[in-house]
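**Student:** Before I ask anything, let me first share the structure, which is written out below as structure tokens.
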Amino acid sequence: MNERQILSLLKTGQVAFRHPLKLHFQPGTGEFGVSVPKRHFKRAVKRNLLKRRVREAYRLNRSRLGEQDYDIFIYYIGKEVEDYERIEKSLVALLDDLAAH
RNA sequence: AGGGCAAGCCAUUCUGUCGCGCCGCGAUGAGCGGUGAGGAAAGUCCGGACAGCAUAGAGCACCUCCCUGUGGAAAGCACAGAUGGGCGAAAGUUUAUGGAUCGCGUAACAGAAAACAACCGCCGGUUUGGCCCGGACUUGUUCCGGGGCCGGCAAGGGUGAAAACGUGGGGCAAGAGCCCACGACCGCGUGCGGCGACGUACGCGGGGUACGCACCGGAGGGCUGCAAGGCCAAAUAUAUCGGCGUCUGAGGGCUGCUCGCCUGAGCCGAGGGGUAGGCUGCAUCAGAUAAAUGACAGAAGCCCGCAAGGGUACAGAAUUCGGCUUAUCGGCUUGCCUUAUUU
RNA sequence: CGGGAUGUGGCGCAGUUGGUAGCGCACUUGGUUUGGGACCAAGAUGUCGCACGUUCGAGUCGUGUCAUCCCGA
């Protein structure tokens with residue numbers, strides 16, 4: 001996703017939240033993006049680690065969305081580095097809600 | 001064996017499951033093959049490459065660096081060394097450094113004084129009519145002591161970060177490098193050693209410190225930076241108002257000033273309108289463009305702990321290279337110092 | 001990625017030639033008032049972001065470091 005797509009998604013898309021993730025979504029072509037704010041994690045290593053965990057969780061669980069494709073952008077809202085299990089749990093819950101909707 | 005110093009190096013390793021970027025083959029798919037973070041990729045503190053703009057030239061400013069030699073494109077760079085200081089028992093380590101001392105400034109508090117000096121003090125004088133007080137006696141135009149006054153001195157003075165060479169002797173009214181001997185320091189000259197900073201021996205001369213500014217000398221510096229710059233696409237408008245100007249010349253020529261040179265019809269301010277998407281720059285086996293180089297699990301090694309168990313750093317490329325600085329669990333190699341024991 | 005600025009009492013700020021660190025608001029105590037506010041008097045409050053260096057002596061000078069903020073397509 002490029003900057004323009006993200007801005008339009010943030011503007012027009014819907015929002016769901018479950019600690020430590022915030023999910024922006026709208027029906028689309030299956031675009032995906034992640035952001036971890038520099039404000040909470042000063043070191044690039046930690047930001048990269050969190051982005052990779054979120055991406056991995058999305059990759060393994062995106063099939064839960066079913067037929068409909070969504071453009072999705074995820075903010076990492078938490079202030080601590082959470083382990084993979086916790087992140088996956090949150091994301092699965094979010095995706096299940098979205099699919100049910 | 002313990003402790004320490006210096007230099008260099010490494011940055012855990014394997015397996016399984018599921019995956020990612022780029023390149024090549026393939027047909028665009030499936031697939032196959034290759035390749036994919038660091039010693040600091042970091043901070044952005046220096047210096048380059050590269051790019052754009054500028055560049056007839058001259059002078060003055062300004063900024064940076066400053067012991068010596070070598071290396072280097074250069075550097076607030078590296079290595080080796082010199083001298084002084086700090087730390088250490090030592091191995092070592094750390095820090096400062098051009099010249100000149102003519103000029104200016106500062107040295108709080110304390111202290112007599114912080115750089116002209118003279119508060120206490122020490123010494124001399126106070127006479128022919130000639131200051132004051134006390135004492136002596138032979139009662140005076142006398143003598144003694146003190147104060148005051150005049151003059152000399154800078155040795156001593158609880159301070160201070162720092163006090164105007166040290167010790168001994170001479171000298172003097174008292175004193176003083178005032179003079180002498182020895183020593184320390186500074187400068188100059190000569191010899192010797194060294195490429196050199198410098199060291200050393202001898203001789204001669206000298207006597208108020210430290211820091212900063214200014215001064216002098218040498219070396220370097222055009223400016224801006226990949227959000228530079230190039231290409232493509234998209235979009236349009238300059239309505240109106242004010243000021244300056246068209247060869248007696250506006251404005252511009254991206255570090256200041258002066259001269260000079262080049263260019264030559266627009267420029268500046270208010271106000272208004274449009275676009276802000278993509279490719280390239282981006283490499284010599286990383287080369288993305290909201291950014292790949294991974295996630296999870298299990299062993300082995302190492303460390304801590306009686307054990308259960310825990311720990312296994314700092315940290316993630318964004319045009320690129322040479323340095324510097326900072327962060328960093330732990331380990332290896334080599335050389336050296338030191339302590340203890342045994343032989 | 002590049003350029004620039006700022007860190008001083010609780011808050012907002014001063015502090016140049018290095019020499020006991022200040023101001024306003026807020027705070028505490030006392031007075032005044034029936035009570036409160038306002039006013040008057042007194043008082044407390046500081047690792048000067050952190051570390052090292054230069055110096056006899058650093059808020060001030062130098063170097064490094066941390067944090068915050070601003071600007072630039």
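Naming works like this for the structure tokens: A, B, ... for the chains as they're shown, residue 1 at the start of each chain, ligands 1 onward in shown order.
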Find the residues of chain A in contact range of chain B, meaning any atom within 12 Å when counting only C-alpha atoms (C1' of nucleotides), and list them as a ChimeraX atom specification.

**Tutor:** /A:1-7,32-36,42-61,73-74,83-85,87-88

**Student:** Name the residues of chain A that fall into strand (DSSP E or B) according to DSSP on the backbone, using the chain letters and numbers of this document, as a list in words.

**Tutor:**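 Residues of chain A classed as strand (DSSP E or B): Gln14, Val15, Ala16, Phe17, Arg18, Leu21, Lys22, Leu23, His24, Phe25, Gln26, Pro27, Phe32, Gly33, Val34, Ser35, Tyr70, Asp71, Ile72, Phe73, Ile74, Tyr75 and Tyr76 of chain A.
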
**Student:** C1' of G191 in chain B and C1' of A82 in chain B, how far apart in Å?

**Tutor:**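 Going from C1' of A82 in chain B over to C1' of G191 in chain B covers 22.0 Å.
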
**Student:** Using DSSP secondary structure from the backbone, list all helix (DSSP H, G or I) positions within range 37-72 of chain A, as a list in words.

**Tutor:**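 The helix (DSSP H, G or I) subset of range 37-72 of chain A is Ala44, Val45, Lys46, Arg47, Asn48, Leu49, Leu50, Lys51, Arg52, Arg53, Val54, Arg55, Glu56, Ala57, Tyr58, Arg59, Leu60, Asn61, Arg62, Ser63, Arg64 and Leu65 of chain A.
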
**Student:** Write the residues you've just listed into a file as a PDB file, in the first residue's frame, and include N, CA and C atoms for each of them.

**Tutor:**
```
ATOM      1  N   ALA A  44      14.431   0.891  15.984  1.00  0.00           N
ATOM      2  CA  ALA A  44      13.921   0.322  14.740  1.00  0.00           C
ATOM      3  C   ALA A  44      13.804  -1.188  14.828  1.00  0.00           C
ATOM      4  N   VAL A  45      14.676  -1.829  15.611  1.00  0.00           N
ATOM      5  CA  VAL A  45      14.625  -3.282  15.747  1.00  0.00           C
ATOM      6  C   VAL A  45      13.289  -3.727  16.317  1.00  0.00           C
ATOM      7  N   LYS A  46      12.818  -3.024  17.345  1.00  0.00           N
ATOM      8  CA  LYS A  46      11.553  -3.404  17.978  1.00  0.00           C
ATOM      9  C   LYS A  46      10.386  -3.157  17.023  1.00  0.00           C
ATOM     10  N   ARG A  47      10.416  -2.046  16.315  1.00  0.00           N
ATOM     11  CA  ARG A  47       9.334  -1.767  15.362  1.00  0.00           C
ATOM     12  C   ARG A  47       9.288  -2.845  14.285  1.00  0.00           C
ATOM     13  N   ASN A  48      10.428  -3.217  13.765  1.00  0.00           N
ATOM     14  CA  ASN A  48      10.485  -4.259  12.743  1.00  0.00           C
ATOM     15  C   ASN A  48       9.946  -5.570  13.276  1.00  0.00           C
ATOM     16  N   LEU A  49      10.334  -5.916  14.502  1.00  0.00           N
ATOM     17  CA  LEU A  49       9.900  -7.181  15.101  1.00  0.00           C
ATOM     18  C   LEU A  49       8.375  -7.214  15.190  1.00  0.00           C
ATOM     19  N   LEU A  50       7.771  -6.144  15.668  1.00  0.00           N
ATOM     20  CA  LEU A  50       6.321  -6.107  15.836  1.00  0.00           C
ATOM     21  C   LEU A  50       5.613  -6.159  14.486  1.00  0.00           C
ATOM     22  N   LYS A  51       6.134  -5.426  13.525  1.00  0.00           N
ATOM     23  CA  LYS A  51       5.527  -5.444  12.191  1.00  0.00           C
ATOM     24  C   LYS A  51       5.587  -6.846  11.593  1.00  0.00           C
ATOM     25  N   ARG A  52       6.680  -7.523  11.808  1.00  0.00           N
ATOM     26  CA  ARG A  52       6.823  -8.872  11.266  1.00  0.00           C
ATOM     27  C   ARG A  52       5.853  -9.832  11.940  1.00  0.00           C
ATOM     28  N   ARG A  53       5.672  -9.671  13.238  1.00  0.00           N
ATOM     29  CA  ARG A  53       4.740 -10.557  13.950  1.00  0.00           C
ATOM     30  C   ARG A  53       3.307 -10.312  13.464  1.00  0.00           C
ATOM     31  N   VAL A  54       2.960  -9.058  13.284  1.00  0.00           N
ATOM     32  CA  VAL A  54       1.602  -8.752  12.828  1.00  0.00           C
ATOM     33  C   VAL A  54       1.405  -9.273  11.414  1.00  0.00           C
ATOM     34  N   ARG A  55       2.388  -9.044  10.562  1.00  0.00           N
ATOM     35  CA  ARG A  55       2.278  -9.539   9.178  1.00  0.00           C
ATOM     36  C   ARG A  55       2.146 -11.059   9.144  1.00  0.00           C
ATOM     37  N   GLU A  56       2.928 -11.737   9.978  1.00  0.00           N
ATOM     38  CA  GLU A  56       2.894 -13.193  10.022  1.00  0.00           C
ATOM     39  C   GLU A  56       1.518 -13.672  10.458  1.00  0.00           C
ATOM     40  N   ALA A  57       0.972 -13.026  11.476  1.00  0.00           N
ATOM     41  CA  ALA A  57      -0.352 -13.411  11.970  1.00  0.00           C
ATOM     42  C   ALA A  57      -1.397 -13.206  10.877  1.00  0.00           C
ATOM     43  N   TYR A  58      -1.298 -12.127  10.135  1.00  0.00           N
ATOM     44  CA  TYR A  58      -2.245 -11.867   9.042  1.00  0.00           C
ATOM     45  C   TYR A  58      -2.101 -12.919   7.941  1.00  0.00           C
ATOM     46  N   ARG A  59      -0.863 -13.233   7.600  1.00  0.00           N
ATOM     47  CA  ARG A  59      -0.621 -14.195   6.529  1.00  0.00           C
ATOM     48  C   ARG A  59      -1.226 -15.555   6.852  1.00  0.00           C
ATOM     49  N   LEU A  60      -1.092 -15.977   8.104  1.00  0.00           N
ATOM     50  CA  LEU A  60      -1.563 -17.309   8.485  1.00  0.00           C
ATOM     51  C   LEU A  60      -3.072 -17.354   8.680  1.00  0.00           C
ATOM     52  N   ASN A  61      -3.705 -16.194   8.865  1.00  0.00           N
ATOM     53  CA  ASN A  61      -5.119 -16.208   9.240  1.00  0.00           C
ATOM     54  C   ASN A  61      -6.033 -15.458   8.275  1.00  0.00           C
ATOM     55  N   ARG A  62      -5.500 -14.969   7.173  1.00  0.00           N
ATOM     56  CA  ARG A  62      -6.329 -14.148   6.294  1.00  0.00           C
ATOM     57  C   ARG A  62      -7.451 -14.962   5.647  1.00  0.00           C
ATOM     58  N   SER A  63      -7.286 -16.283   5.610  1.00  0.00           N
ATOM     59  CA  SER A  63      -8.326 -17.137   5.012  1.00  0.00           C
ATOM     60  C   SER A  63      -9.630 -17.061   5.803  1.00  0.00           C
ATOM     61  N   ARG A  64      -9.571 -16.636   7.072  1.00  0.00           N
ATOM     62  CA  ARG A  64     -10.765 -16.528   7.902  1.00  0.00           C
ATOM     63  C   ARG A  64     -11.754 -15.502   7.347  1.00  0.00           C
ATOM     64  N   LEU A  65     -11.285 -14.596   6.485  1.00  0.00           N
ATOM     65  CA  LEU A  65     -12.167 -13.564   5.962  1.00  0.00           C
ATOM     66  C   LEU A  65     -13.150 -14.119   4.935  1.00  0.00           C
TER      67      LEU A  65
END
```

**Student:** If you measure from C1' of G39 in chain B to C1' of A327 in chain B, what distance in Å do you get, rounded to one decimal?

**Tutor:**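 A separation of 11.4 Å between them.
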
**Student:** Applying 12 Å and only C-alpha atoms (C1' of nucleotides), which residues near A73 in chain C remain after dropping the ones on its own chain fewer than 4 positions away? List them as an mmCIF file with C-alpha atoms (C1' of nucleotides), in the first residue's frame.

**Tutor:**
```cif
data_model
loop_
_atom_site.group_PDB
_atom_site.id
_atom_site.type_symbol
_atom_site.label_atom_id
_atom_site.label_comp_id
_atom_site.auth_asym_id
_atom_site.auth_seq_id
_atom_site.Cartn_x
_atom_site.Cartn_y
_atom_site.Cartn_z
ATOM 1 C "C1'" C B 226 19.820 12.406 -3.369
ATOM 2 C "C1'" A B 227 13.567 16.073 -0.383
ATOM 3 C "C1'" A B 228 20.558 17.216 -4.947
ATOM 4 C "C1'" A B 276 1.811 17.797 -5.527
ATOM 5 C "C1'" C C 1 17.286 12.082 4.339
ATOM 6 C "C1'" G C 2 18.920 17.103 5.242
#
```

**Student:** For range 23-28 of chain C, work out the shell of residues within 8 Å, counting only C-alpha atoms (C1' of nucleotides) and skipping chain neighbours fewer than 6 positions away, then give it as number ranges by chain.

**Tutor:** C: 10-11, 14, 43-44

**Student:** Write out as a list in words which residues come within 9 Å of Arg18 in chain A when counting only C-alpha atoms (C1' of nucleotides), dropping same-chain ones fewer than 4 positions away.

**Tutor:**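 My reading of the contact set: Lys22, Leu23, Ser90, Leu91, Ala93 and Leu94 of chain A.
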
**Student:** A118 in chain B: which residues within 12 Å, counting only C-alpha atoms (C1' of nucleotides), same-chain residues fewer than 6 positions away excluded, as a list in words?

**Tutor:**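 The contact residues come out as A112, C153 and A154 of chain B.
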
**Student:** From the set C:A42, C:G4, C:G12, C:G72, which residue has the shortest atom-to-atom contact distance to U29 in chain C, counting only C-alpha atoms (C1' of nucleotides)?

**Tutor:**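 For U29 in chain C, the nearest of the given residues is C:A42.
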